[in-house]
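*Asks:* Input: one structure, supplied below.
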Amino acid sequence: MAAAGLSWVRIGEFAWSRLEPKEGAYDFDWLDRAIETLGNAGLKVILGTPTATPPRWMLDKYPDMIALDDHGHPRGFGSRRHYCFSHAEYLEECRRITMKLVKRYGSNAHIAAWQTDNEYGCHDTVLSFSGAARSGFRDWLAQRYQSTDALNRAWGNVFWSMEYDTFDQIGLPNLTVTEPNPAHALDFRRFSSDQVVRFNRAQTDILREHSDAPLIHNYMGRVTEFDHFDVGQDLDIASWDSYPLGFLEDRMEDGDPHKCAYAQQGDPDFQAFHHDLYRAVGGGRWWIMEQQPGPVNWAPVNPAPLPGMCRLWAWEAFAHGAETVCYFRWRQAPIAQEQMHAGLLRPDSAAAPALAEATQVAEEIQGMPEVATAQSHVALIFDYTSDWAWTVQPQGRGFSYFRLVFEIYRGLRKLGLDVDILPATAADLSDYKLVFAPGLFALSADLKTALSRSNAIAVIGPRSNSKTKDFAIPTPLPPDLPGLDATVSYVETFRADMARPVEGGGHVLHWFETLETTAPTTFKMTDDRPLLVGDAGIRYLAGWPDETALARMLDELCLTCDLQTTDLPEGVRIRRTESHKFVFNYAAEPREFDGVELAPADVRWTRL
Amino acid sequence: MAAAGLSWVRIGEFAWSRLEPKEGAYDFDWLDRAIETLGNAGLKVILGTPTATPPRWMLDKYPDMIALDDHGHPRGFGSRRHYCFSHAEYLEECRRITMKLVKRYGSNAHIAAWQTDNEYGCHDTVLSFSGAARSGFRDWLAQRYQSTDALNRAWGNVFWSMEYDTFDQIGLPNLTVTEPNPAHALDFRRFSSDQVVRFNRAQTDILREHSDAPLIHNYMGRVTEFDHFDVGQDLDIASWDSYPLGFLEDRMEDGDPHKCAYAQQGDPDFQAFHHDLYRAVGGGRWWIMEQQPGPVNWAPVNPAPLPGMCRLWAWEAFAHGAETVCYFRWRQAPIAQEQMHAGLLRPDSAAAPALAEATQVAEEIQGMPEVATAQSHVALIFDYTSDWAWTVQPQGRGFSYFRLVFEIYRGLRKLGLDVDILPATAADLSDYKLVFAPGLFALSADLKTALSRSNAIAVIGPRSNSKTKDFAIPTPLPPDLPGLDATVSYVETFRADMARPVEGGGHVLHWFETLETTAPTTFKMTDDRPLLVGDAGIRYLAGWPDETALARMLDELCLTCDLQTTDLPEGVRIRRTESHKFVFNYAAEPREFDGVELAPADVRWTRL
Amino acid sequence: MAAAGLSWVRIGEFAWSRLEPKEGAYDFDWLDRAIETLGNAGLKVILGTPTATPPRWMLDKYPDMIALDDHGHPRGFGSRRHYCFSHAEYLEECRRITMKLVKRYGSNAHIAAWQTDNEYGCHDTVLSFSGAARSGFRDWLAQRYQSTDALNRAWGNVFWSMEYDTFDQIGLPNLTVTEPNPAHALDFRRFSSDQVVRFNRAQTDILREHSDAPLIHNYMGRVTEFDHFDVGQDLDIASWDSYPLGFLEDRMEDGDPHKCAYAQQGDPDFQAFHHDLYRAVGGGRWWIMEQQPGPVNWAPVNPAPLPGMCRLWAWEAFAHGAETVCYFRWRQAPIAQEQMHAGLLRPDSAAAPALAEATQVAEEIQGMPEVATAQSHVALIFDYTSDWAWTVQPQGRGFSYFRLVFEIYRGLRKLGLDVDILPATAADLSDYKLVFAPGLFALSADLKTALSRSNAIAVIGPRSNSKTKDFAIPTPLPPDLPGLDATVSYVETFRADMARPVEGGGHVLHWFETLETTAPTTFKMTDDRPLLVGDAGIRYLAGWPDETALARMLDELCLTCDLQTTDLPEGVRIRRTESHKFVFNYAAEPREFDGVELAPADVRWTRL
Ligand SMILES: [Zn+2]
Ligand SMILES: [Zn+2]
Ligand SMILES: [Zn+2]
């Protein structure tokens with residue numbers, strides 16, 4: 001590995017049955033040896049806590065430690081992540097094994113970082129409908145509301161005689177006849193996210209006490225069921241597992257033509273979006289913990305990356321400020337669930353195609369001065385609570401908060417702009433010229449203040465600030481923005497095949513709000529209804545713009561803010577650091593840009 | 001509300017947790033005051049029994065009162081309609097609360113009508129697979145068959161060794177390895193319908209004893225799991241909840257072009273069909289209890305009605321004989337499940353767009369002489385049992401009884417004809433020139449007599465009279481109609497993309513029967529097989545005609561009956577009362593008819 | 001029946017509730033009489049054991065005898081096949097009733113054959129997730145592996161800490177959080193197949209002891225969840241239930257154009273494939289036990305066969321060596337689940353259209369000399385274990401082992417070739433010129449030897465020999481074939497809309513392997529990667545060829561082997577016996593072949 005230029009290796013993350021084959025009977029010898037061997041080979045070791053795979057005897061001890069799905073079916077032993085975040089005794093066991101590990105290896109010179117658990121939320125494991133979750137939820141609600149009267153009022157339970165007399169009467173929001181109260185559902189999602197935070201913190205508290213190595217978790221792409229910003233507070237570095245081809249197929253809404261065009265390269269913006277998101281989650285420090293090195297096993301179809309793409313993906317990450325890019329896996333495992341998941345080595349230990357690309361990147365990075373992240377001029381707010389809220393209440397097929405934010409990100413990136421992603425708690429926007437807060441459930445007082453203090457143009461909407469924290473419609477009606485006279489009179493969702501035309505070009509998709517406003521209108525519909533209103537620092541966007549309409553708006557906004565944009569050919573993207581400009585060609589065909597012919601998967605950089 | 005011309009207001013239908021916050025501890029003060037306030041404002045109050053939303057303490061008392069779905073999953077507390085119609089103790093509780101209410105308000109001058117429960121069957125709540133349902137079903141079968149020998153014979157249980165020795169061995173027809181015996185499934189549906197009738201009657205018996213105000217239930221669109229005619233026997237007025245845009249999206253089979261064309265107006269015939277159906281269910285007296293006033297929250301997408309449509313919908317109802325059109329809701333609720341369901345007022349109490357239309361209708365109706373329903377010349381039989389039977393045994397993808405009847409209704413209405421919908425028990429057809437009984441499971445002796453005494457041309461089929469009441473194929477084979485030599489030799493269902501051509505134009509869809517017949521053939525297939533046979537009063541239709549074939553047949557039949565038809569532009573519909581002819585434009589574009597230019601959503605009426 | 005030329009009649013297969021109405025109280029009188037009547041009418045009787053339909057009292061005795069589905073839901077009483085193959089006491093009951101029957105009728109002169117149970121596996125009944133199955137699986141694993149250490153090693157359970165300490169900790173591979181270990185899943189499928197074998201053998205052991213009549217089971221089309229070759233070992237004759245129209249609609253992947261083209265004729269190759277498969281399963285002796293005689297009731301749509309097709313299907317079967325073709329049913333039952341399933345007679349006992357065709361076939365067969373099956377020159381291996389393995393691990397949407405084998409069969413038959421289907425245990429291939437083993441999980445030593453001793457060209461791949469028997473990737477990497485230097489470097493699956501072009505014409509679908517090879521390349525991709533390599537007896541095929549690419553390869557291979565092919569018009573097929581060549585027209589239009597005009601459904605034969 002070191003010969004290939006790799007410097008980090010992660011071990012231990014699924015090894016509980018080998019570390020503690022019987023309860024209380026530990027075996028660390030093999031791990032001692034492994035760490036020694038790897039360390040002596042010049043590799044820095046990331047040691048994972050093995051809590052994502054409790055061994056079989058643990059299930060004998062706590063048969064109720066597993067999650068139940070929303071039909072009440074058990075999610076049992078036989079793969080991984082077979083635990084409920086709310087199970088108190090399992091949490092205790094996780095503390096115990098973490099303590100054992102950190103006491104033994106906390107000051108081992110080869111252990112250069114710790115990973116907690118593995119991919120929280122993967123396989124849809126945040127929401128559990130178990131008895132442990134129900135008890136935990138009742139306690140959480142009791143803490144939050146203090147009395148059922150307060151809860152009944154906050155949720156509006158009078159509506160369908162849903163009032164509770166005691167907290168013990170409150171169930172989880174599954175298995176109801178028709179949809180549950182959205183306030184009930186949202187609080188369950190808040191609770192579930194908090195349980196992940198609590199679970200992670202139980203480990204970080206112990207690790208910090210006994211080790212100075214940085215603490216990391218490896219998040220998964222487009223897992224939004226828990227608040228990564230909250231978990232990130234307890235960690236030193238954010239990392240994520242980047243599978244561009246798998247993600248394109250199994251978690252993007254784009255149609256077949258797009259998926260065909262990028263089948264072996266991945267979406268040009270999906271990884272970048274996560275890079276920027278996790279840079280924020282990590283407070284500036286972030287890694288790729290797992291980079292796809294070839295065909296994987298878990299997507300609907302699993303093609304190989306085009307030659308060069310593994311290198312391109314790594315450079316896109318570095319250009320966004322990644323400190324480290326690790327590959328998963330080193331050698332393809334010939335056994336068990338991931339036997340068809342490619343590694344840098346084949347199962348017979350011969351080199352797989354990506355090894356040469358990984359080596360090339362390692363060499364190139366050697367010759368590269370430290371890459372410092374540049375301050376972006378554009379900020380985009382991503383808020384997990386909003387994603388939960390609109391998942392609970394989409395109001396129309398096709399409304400996805402994640403997608404709405406992502407499409408604005410894509411629109412900005414297509415204009416060659418660098419973007420910072422910020423949480424909804426961002427208290428300082430002074431460095432930005434342009435700020436977007438689409439679909440933001442509720443604007444906090446802090447954010448309102450930050451907006452008012454900033455010189456940026458803030459584009460708020462659609463659907464932003466449309467609810468109280470208790471998931472009710474506020475009065476005055478939304479968006480209720482300081483200095484902007486605009487009221488959403490009513491909201492429409494509509495069929496994807498009935499996009500509504502915007503005057504001058506483009507359409508509105510999925511969602512449109514009819515405004516009462518005296519504010520100046522920059523963009524309007526062909527029927528004269530306002531779409532983008534306001535002329536001072538705050539604009540309100542009353543619908544979901546399609547690609548064309550969005551591009552027109554962004555052009556206009558950038559012009560207003562004096563932000564320079566770039567004409568990029570289809571599939572070409574750029575990214576600037578403090579010192580360099582990187583150009584990436586995601587297209588499967590050559591592209592010409594800036595007078596240079598870019599081969600497929602080409603990466604070029606120039607000093608700024 | 002009174003200022004807006006509204007005269008009726010419904011209250012109380014979901015208020016059990018406020019009327020009886022703890023078991024036996026009642027609080028009627030707030031309701032006393034509400035009734036007083038509304039009544040003094042000149043409004044007539046409809047008081048709803050709150051039995052659709054049993055309070056949480058009721059579930060503590062009777063944990064087994066909920067329904068189970070067909071997988072055996074509970075349908076628990078947290079929304080509404082969380083009860084099983086078969087649960088004896090809950091039924092007793094409903095009697096108790098109804099008695100309390102009617103004793104207190106039965107002679108209150110402001111209480112001008114009573115609504116039982118709310119939308120029976122909504123959220124798929126008629127069929128329950130609970131223990132209570134199983135016990136009830138066994139009792140019901142014991143009553144019906146007296147002995148398991150009789151039941152085994154009636155169901156043909158010998159077929160797969162499905163014979164029972166005792167009624168207690170009989171389960172519900174879910175969770176079988178392959179499909180259950182259709183006779184078993186149909187009896188379960190008959191039982192389930194009877195349980196709704198019983199549940200409703202438990203309330204009407206008490207209400208009638210203590211109040212002279214008329215009794216009403218608000219049925220839901222295209223809910224066919226219980227027999228509305230049976231429930232209607234115990235009520236004075238039928239009403240239904242009309243959501244034209246939601247229904248178009250979520251319960252009509254029509255393809256995307258149709259749904260796009262009418263996305264903001266609703267289907268031109270779906271409401272009219274229900275108006276005519278509920279006029280029959282109510283024995284002539286019927287209302288709209290809930291009229292959609294804007295975007296709702298529950299359909300796949302929720303656009304706003306075109307300006308004018310709320311008025312058009314109200315007038316279409318009046319033209320079909322509605323006594324009253326109420327809107328739901330008065331003010332949009334900012335809380336809980338329906339917070340995105342528009343009202344006549346916005347959540348901030350400002351007027352929503354529909355308020356002006358409702359007010360206009362109220363004014364227009366003032367200036368209108370009493371509208372008496374005219375006798376139609378065309379009758380169309382709609383039979384709930386047939387819908388259950390063919391849901392149990394469609395025999396081919398695409399066969400829906402409701403849809404078959406509806407398409408004939410649509411075909412008639414497109415020719416400008418007024419239609420009466422009748423139950424299968426209709427004993428007098430003397431007023432009609434043309435009678436349709438498509439897909440009627442079994443013709444009763446009464447109906448056969450009525451047909452033979454009528455001078456009407458009766459069009460029977462396809463699939464009509466093809467089963468005994470016990471869901472067996474009778475001998476002689478179907479259709480076995482008096483005076484018509486025709487035998488269905490065999491039946492075919494076929495792919496929707498393999499419509500079969502009719503000689504002269506049009507096709508047969510989904511279903512075709514090969515007839516042995518000596519009767520004259522009016523329409524035949526291009527391969528010479530007969531499609532419409534008979535020349536005296538009874539015709540038999542051997543397939544499911546598409547729009548073109550149906551129009552040709554109806555033209556021919558109307559000519560034969562001397563019934564005048566009208567050429568209507570796409571989207572335009574007419575309806576006659578005793579005194580007026582109404583013209584409605586459902587198209588989103590202007591239409592010309594009778595020399596008049598009709599704007600979208602236009603309604604015109606002329607004295608006859 | 002005899003008058004119609006029918007000579008066999010099957011009875012008793014669902015009659016348990018009539019044979020033993022109460023436990024231990026038998027009634028054979030009716031069966032005595034029935035056998036006597038049928039026998040005296042000149043009919044040979046096949047007596048079925050009634051074990052597919054345990055009577056209701058059996059369920060009272062053994063409530064846990066039913067299967068559970070993979071969600072844990074019961075698959076209860078009310079239709080048929082409501083038993084778990086692993087339930088020990090039910091198996092004992094089946095032995096008992098079989099003993100009773102064979103003791104009474106074992107030497108009855110009219111009983112000319114026995115059928116065990118009915119359609120094993122129909123309605124997805126092989127895999128059961130019951131307690132009985134779990135216990136049985138644990139025992140089966142203990143037998144197979146002797147120790148959990150061995151099992152843990154074989155399965156690679158260390159991967160995600162999935163190691164077991166005792167066999168009692170091992171669950172069934174359902175209800176896991178993400179996919180279970182493929183080794184776990186495959187062993188469960190092996191176990192489940194073995195349970196069917198054991199269940200069948202329990203009956204055949206008893207039947208053989210007391211009767212000399214041949215033993216038969218009626219397999220169902222495309223049921224692959226148990227190993228038919230294994231079950232066949234205990235039987236004398238294989239038979240299958242052939243429903244060409246139902247199968248086309250409900251179990252073939254072909255698109256709408258194909259399904260429309262053959263909607264009333266059935267797929268031209270699906271039946272032939274099963275004929276050849278069951279000839280192998282029966283060791284040369286096979287029947288059609290149930291031939292579709294008209295529209296059935298269970299497919300998504302149920303059209304009638306074109307006139308002549310029932311005759312064509314029968315002749316196709318005889319041409320493939322069928323000893324007998326029986327029709328199901330004789331008379332259409334007017335009751336219960338199959339009341340819409342056509343028979344040779346209508347429910348009123350009039351002749352249905354197929355009766356004349358059945359009679360014609362019976363007459364024609366009389367005039368036909370004994371039809372001996374000819375030795376084919378082409379062999380195609382079909383292996384149930386491979387089907388299970390790739391169902392467990394498709395690695396990409398669209399990969400179906402059955403379909404892969406079937407498409408090669410279809411390609412061969414389109415060239416007018418006769419094919420023998422062989423199990424993976426085939427030890428002698430000396431009679432063949434061309435052998436195909438696509439997708440074969442693991443090549444046995446026997447098969448390798450047979451291949452090396454044969455003079456045939458063997459086409460192995462794609463995906464063949466790619467796993468150890470324990471579902472691991474072997475080293476050396478696949479295909480590891482003797483005398484062929486070729487290594488699968490990596491595997492790709494890809495979108496159906498991204499077929500990859502083959503040089504010279506055609507495409508590769510779904511699956512492609514990048515080879516490292518020094519072997520000569522016969523076919524390659526347009527990017528020069530090898531597709532078909534090798535020049536001696538063993539060729540390796542590195543992808544899934546589409547129709548065009550396959551046809552090109554087969555042409556080339558046949559030329560090399562000196563095998564003569566035939567140009568057949570679309571929908572026309574041929575089949576040779578020792579003495580005759582048969583020509584079938586499956587097209588709905590006339591076709592010209594060999595200078596003869598073939599009507600739709602035409603069958604012609606000529607002496608060779
Ligand atoms: Zn489930
Ligand atoms: Zn379930
Ligand atoms: Zn199930």
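Ordering of the structure tokens sets the chain letters (A, B, ...); residue numbers start at 1 within each chain; ligands are numbered from 1 in the order shown.
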Mind checking which residues fall within 9 Å of Thr577 of chain C, counting only C-alpha atoms, ignoring those fewer than 3 positions away in the same chain, and posting them as a ChimeraX atom specification?
*Replies:* /C:319-321,371-375,580-582,608
*Asks:* Identify, on the basis of only C-alpha atoms, every residue whose closest approach to Leu38 of chain B does not exceed 8 Å; exclude the query and any residue fewer than 6 positions from it along the same chain; express the result as a PyMOL selection string.
*Replies:* chain B and resi 9+44-45
*Asks:* If you keep all heavy atoms, can you produce a file of those selected residues as a JSON list (two decimals), in the first residue's frame?
*Replies:*
[["chain", "number", "residue", "atom", "x", "y", "z"],
["B", 9, "VAL", "N", -73.74, 25.05, 8.60],
["B", 9, "VAL", "CA", -72.41, 24.83, 9.13],
["B", 9, "VAL", "C", -72.40, 23.50, 9.89],
["B", 9, "VAL", "O", -73.33, 23.19, 10.63],
["B", 9, "VAL", "CB", -71.97, 26.00, 10.05],
["B", 9, "VAL", "CG1", -72.93, 26.18, 11.22],
["B", 9, "VAL", "CG2", -70.55, 25.77, 10.56],
["B", 44, "LYS", "N", -77.75, 27.44, 10.05],
["B", 44, "LYS", "CA", -78.33, 26.16, 10.45],
["B", 44, "LYS", "C", -77.18, 25.19, 10.74],
["B", 44, "LYS", "O", -76.25, 25.08, 9.95],
["B", 44, "LYS", "CB", -79.21, 25.62, 9.33],
["B", 44, "LYS", "CG", -80.52, 26.39, 9.19],
["B", 44, "LYS", "CD", -81.37, 25.89, 8.04],
["B", 44, "LYS", "CE", -80.87, 26.53, 6.73],
["B", 44, "LYS", "NZ", -81.73, 26.18, 5.56],
["B", 45, "VAL", "N", -77.26, 24.50, 11.85],
["B", 45, "VAL", "CA", -76.15, 23.66, 12.28],
["B", 45, "VAL", "C", -76.42, 22.19, 11.96],
["B", 45, "VAL", "O", -77.51, 21.67, 12.23],
["B", 45, "VAL", "CB", -75.90, 23.82, 13.80],
["B", 45, "VAL", "CG1", -74.81, 22.86, 14.27],
["B", 45, "VAL", "CG2", -75.54, 25.27, 14.11]]
*Asks:* Residues of chain A within 7 Å of chain C, counting only C-alpha atoms - could you list those as a PyMOL selection string?
*Replies:* chain A and resi 14-17+53+55-56+74-82+123+260+295+297+300-304+334-337+348
*Asks:* Skipping near chain neighbours, those fewer than 2 positions away, what residues fall within 12 Å of Leu557 of chain B using only C-alpha atoms, listed as a short mmCIF file (atom, residue, chain, number, x, y, z; two decimals) with C-alpha atoms, in the first residue's frame?
*Replies:*
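Contents of the output file out_20.cif:
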data_model
loop_
_atom_site.label_atom_id
_atom_site.label_comp_id
_atom_site.auth_asym_id
_atom_site.auth_seq_id
_atom_site.Cartn_x
_atom_site.Cartn_y
_atom_site.Cartn_z
CA VAL B 378 -82.08 6.83 -19.57
CA LEU B 412 -74.37 9.03 -22.47
CA LEU B 415 -74.40 12.90 -26.06
CA LYS B 433 -86.67 4.54 -22.88
CA LEU B 434 -83.21 3.08 -22.47
CA VAL B 435 -81.81 1.02 -19.60
CA PHE B 436 -78.21 -0.18 -19.14
CA ALA B 456 -87.49 0.45 -22.66
CA ILE B 457 -84.69 -1.07 -24.63
CA ALA B 458 -82.46 -2.74 -22.05
CA VAL B 459 -78.79 -3.22 -22.85
CA THR B 522 -76.63 -5.01 -34.61
CA PHE B 523 -72.90 -4.65 -34.08
CA LEU B 532 -74.49 -6.37 -29.75
CA VAL B 533 -77.38 -8.75 -30.36
CA GLY B 534 -81.14 -8.72 -30.03
CA ASP B 535 -83.80 -6.60 -31.58
CA ALA B 536 -86.68 -6.58 -29.13
CA GLY B 537 -86.56 -4.96 -25.69
CA ILE B 538 -83.45 -6.83 -24.58
CA ARG B 539 -80.04 -6.41 -26.19
CA LEU B 550 -69.77 3.04 -27.55
CA ALA B 551 -70.67 6.32 -29.24
CA ARG B 552 -71.76 4.44 -32.36
CA MET B 553 -73.91 2.06 -30.35
CA LEU B 554 -75.48 4.80 -28.29
CA ASP B 555 -76.29 6.76 -31.44
CA LEU B 559 -82.25 6.63 -32.77
CA THR B 560 -84.19 3.43 -32.17
CA CYS B 561 -85.70 4.82 -28.95
CA ASP B 562 -86.37 8.20 -30.45
CA LEU B 563 -84.11 9.88 -27.91
CA GLN B 564 -82.60 13.16 -29.03
CA THR B 565 -78.86 13.57 -28.59
#
*Asks:* What's around segment 190-194 of chain B at 12 Å? Count only C-alpha atoms, leave out sequence neighbours fewer than 6 positions away in its own chain, and write the answer as a PyMOL selection string.
*Replies:* chain B and resi 67+84-86+120-121+124-130+132-144+172+183-184+200-201+223-231+384-389+392+469-470
*Asks:* Which polymer residues have any atom within 6 Å of an atom of segment 280-290 of chain C, counting only C-alpha atoms, with same-chain residues fewer than 5 positions away left out, as a VMD selection string?
*Replies:* chain C and resid 229 232 237 to 242 322 to 328
*Asks:* Next, write the just-selected residues to a file, as a short mmCIF file (atom, residue, chain, number, x, y, z; two decimals), in the first residue's frame, keeping all heavy atoms as the atom set.
*Replies:*
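So out-v5.cif came out as:
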data_model
loop_
_atom_site.label_atom_id
_atom_site.label_comp_id
_atom_site.auth_asym_id
_atom_site.auth_seq_id
_atom_site.Cartn_x
_atom_site.Cartn_y
_atom_site.Cartn_z
N PHE C 229 -34.09 -32.28 -11.11
CA PHE C 229 -33.31 -33.50 -11.38
C PHE C 229 -33.27 -34.38 -10.13
O PHE C 229 -33.41 -35.61 -10.22
CB PHE C 229 -31.88 -33.15 -11.81
CG PHE C 229 -31.81 -32.49 -13.16
CD1 PHE C 229 -31.45 -31.16 -13.30
CD2 PHE C 229 -32.12 -33.22 -14.32
CE1 PHE C 229 -31.38 -30.56 -14.55
CE2 PHE C 229 -32.05 -32.62 -15.58
CZ PHE C 229 -31.69 -31.29 -15.69
N GLY C 232 -36.60 -35.88 -9.63
CA GLY C 232 -36.81 -36.85 -10.71
C GLY C 232 -36.16 -38.21 -10.46
O GLY C 232 -36.62 -39.23 -11.00
N ILE C 237 -41.37 -41.09 -14.34
CA ILE C 237 -41.72 -40.25 -15.49
C ILE C 237 -41.79 -38.81 -14.98
O ILE C 237 -42.35 -38.56 -13.90
CB ILE C 237 -43.10 -40.66 -16.06
CG1 ILE C 237 -43.07 -42.12 -16.50
CG2 ILE C 237 -43.53 -39.74 -17.20
CD1 ILE C 237 -44.44 -42.67 -16.89
N ALA C 238 -41.26 -37.89 -15.75
CA ALA C 238 -41.48 -36.47 -15.47
C ALA C 238 -42.71 -36.01 -16.25
O ALA C 238 -42.95 -36.47 -17.36
CB ALA C 238 -40.26 -35.65 -15.87
N SER C 239 -43.46 -35.12 -15.64
CA SER C 239 -44.53 -34.50 -16.43
C SER C 239 -44.56 -33.03 -16.06
O SER C 239 -44.02 -32.62 -15.04
CB SER C 239 -45.88 -35.15 -16.13
OG SER C 239 -46.40 -34.71 -14.89
N TRP C 240 -45.17 -32.23 -16.93
CA TRP C 240 -45.30 -30.82 -16.56
C TRP C 240 -46.62 -30.25 -17.06
O TRP C 240 -47.29 -30.85 -17.91
CB TRP C 240 -44.09 -30.00 -16.99
CG TRP C 240 -44.01 -29.61 -18.44
CD1 TRP C 240 -43.81 -30.42 -19.50
CD2 TRP C 240 -44.11 -28.28 -18.96
NE1 TRP C 240 -43.75 -29.69 -20.65
CE2 TRP C 240 -43.93 -28.38 -20.35
CE3 TRP C 240 -44.30 -27.02 -18.38
CZ2 TRP C 240 -43.98 -27.25 -21.18
CZ3 TRP C 240 -44.34 -25.91 -19.20
CH2 TRP C 240 -44.17 -26.02 -20.59
N ASP C 241 -46.98 -29.13 -16.48
CA ASP C 241 -48.26 -28.50 -16.76
C ASP C 241 -48.00 -27.30 -17.66
O ASP C 241 -47.39 -26.32 -17.23
CB ASP C 241 -48.94 -28.11 -15.45
CG ASP C 241 -49.28 -29.34 -14.61
OD1 ASP C 241 -49.20 -30.47 -15.14
OD2 ASP C 241 -49.60 -29.18 -13.42
N SER C 242 -48.47 -27.41 -18.88
CA SER C 242 -48.08 -26.48 -19.93
C SER C 242 -49.21 -25.49 -20.24
O SER C 242 -50.24 -25.87 -20.78
CB SER C 242 -47.72 -27.28 -21.18
OG SER C 242 -47.45 -26.40 -22.25
N ALA C 322 -42.82 -36.57 -25.88
CA ALA C 322 -43.85 -36.80 -24.86
C ALA C 322 -44.55 -38.13 -25.11
O ALA C 322 -44.88 -38.46 -26.26
CB ALA C 322 -44.88 -35.68 -24.88
N GLU C 323 -44.76 -38.89 -24.05
CA GLU C 323 -45.50 -40.14 -24.19
C GLU C 323 -47.00 -39.88 -24.21
O GLU C 323 -47.75 -40.61 -24.85
CB GLU C 323 -45.15 -41.08 -23.03
CG GLU C 323 -43.67 -41.43 -22.97
CD GLU C 323 -43.36 -42.35 -21.81
OE1 GLU C 323 -44.28 -42.72 -21.04
OE2 GLU C 323 -42.18 -42.72 -21.67
N THR C 324 -47.40 -38.88 -23.50
CA THR C 324 -48.82 -38.61 -23.30
C THR C 324 -49.03 -37.12 -23.16
O THR C 324 -48.20 -36.44 -22.57
CB THR C 324 -49.31 -39.30 -22.01
OG1 THR C 324 -49.08 -40.70 -22.13
CG2 THR C 324 -50.79 -39.05 -21.74
N VAL C 325 -50.14 -36.63 -23.70
CA VAL C 325 -50.55 -35.26 -23.46
C VAL C 325 -51.96 -35.28 -22.87
O VAL C 325 -52.90 -35.72 -23.54
CB VAL C 325 -50.52 -34.41 -24.75
CG1 VAL C 325 -51.12 -33.03 -24.49
CG2 VAL C 325 -49.10 -34.29 -25.28
N CYS C 326 -52.08 -34.86 -21.62
CA CYS C 326 -53.40 -34.75 -20.98
C CYS C 326 -53.81 -33.28 -20.98
O CYS C 326 -52.96 -32.39 -21.00
CB CYS C 326 -53.36 -35.25 -19.54
SG CYS C 326 -52.84 -36.98 -19.38
N TYR C 327 -55.11 -33.05 -20.92
CA TYR C 327 -55.62 -31.68 -20.90
C TYR C 327 -56.18 -31.37 -19.53
O TYR C 327 -56.67 -32.25 -18.83
CB TYR C 327 -56.71 -31.51 -21.96
CG TYR C 327 -56.18 -31.78 -23.35
CD1 TYR C 327 -56.08 -33.09 -23.83
CD2 TYR C 327 -55.71 -30.75 -24.15
CE1 TYR C 327 -55.55 -33.35 -25.08
CE2 TYR C 327 -55.17 -31.00 -25.41
CZ TYR C 327 -55.09 -32.31 -25.87
OH TYR C 327 -54.56 -32.56 -27.10
N PHE C 328 -56.08 -30.11 -19.15
CA PHE C 328 -56.66 -29.72 -17.89
C PHE C 328 -57.50 -28.50 -18.16
O PHE C 328 -57.00 -27.49 -18.64
CB PHE C 328 -55.60 -29.40 -16.85
CG PHE C 328 -56.19 -29.12 -15.51
CD1 PHE C 328 -56.58 -30.16 -14.68
CD2 PHE C 328 -56.38 -27.82 -15.07
CE1 PHE C 328 -57.14 -29.91 -13.43
CE2 PHE C 328 -56.94 -27.57 -13.82
CZ PHE C 328 -57.31 -28.61 -13.01
#
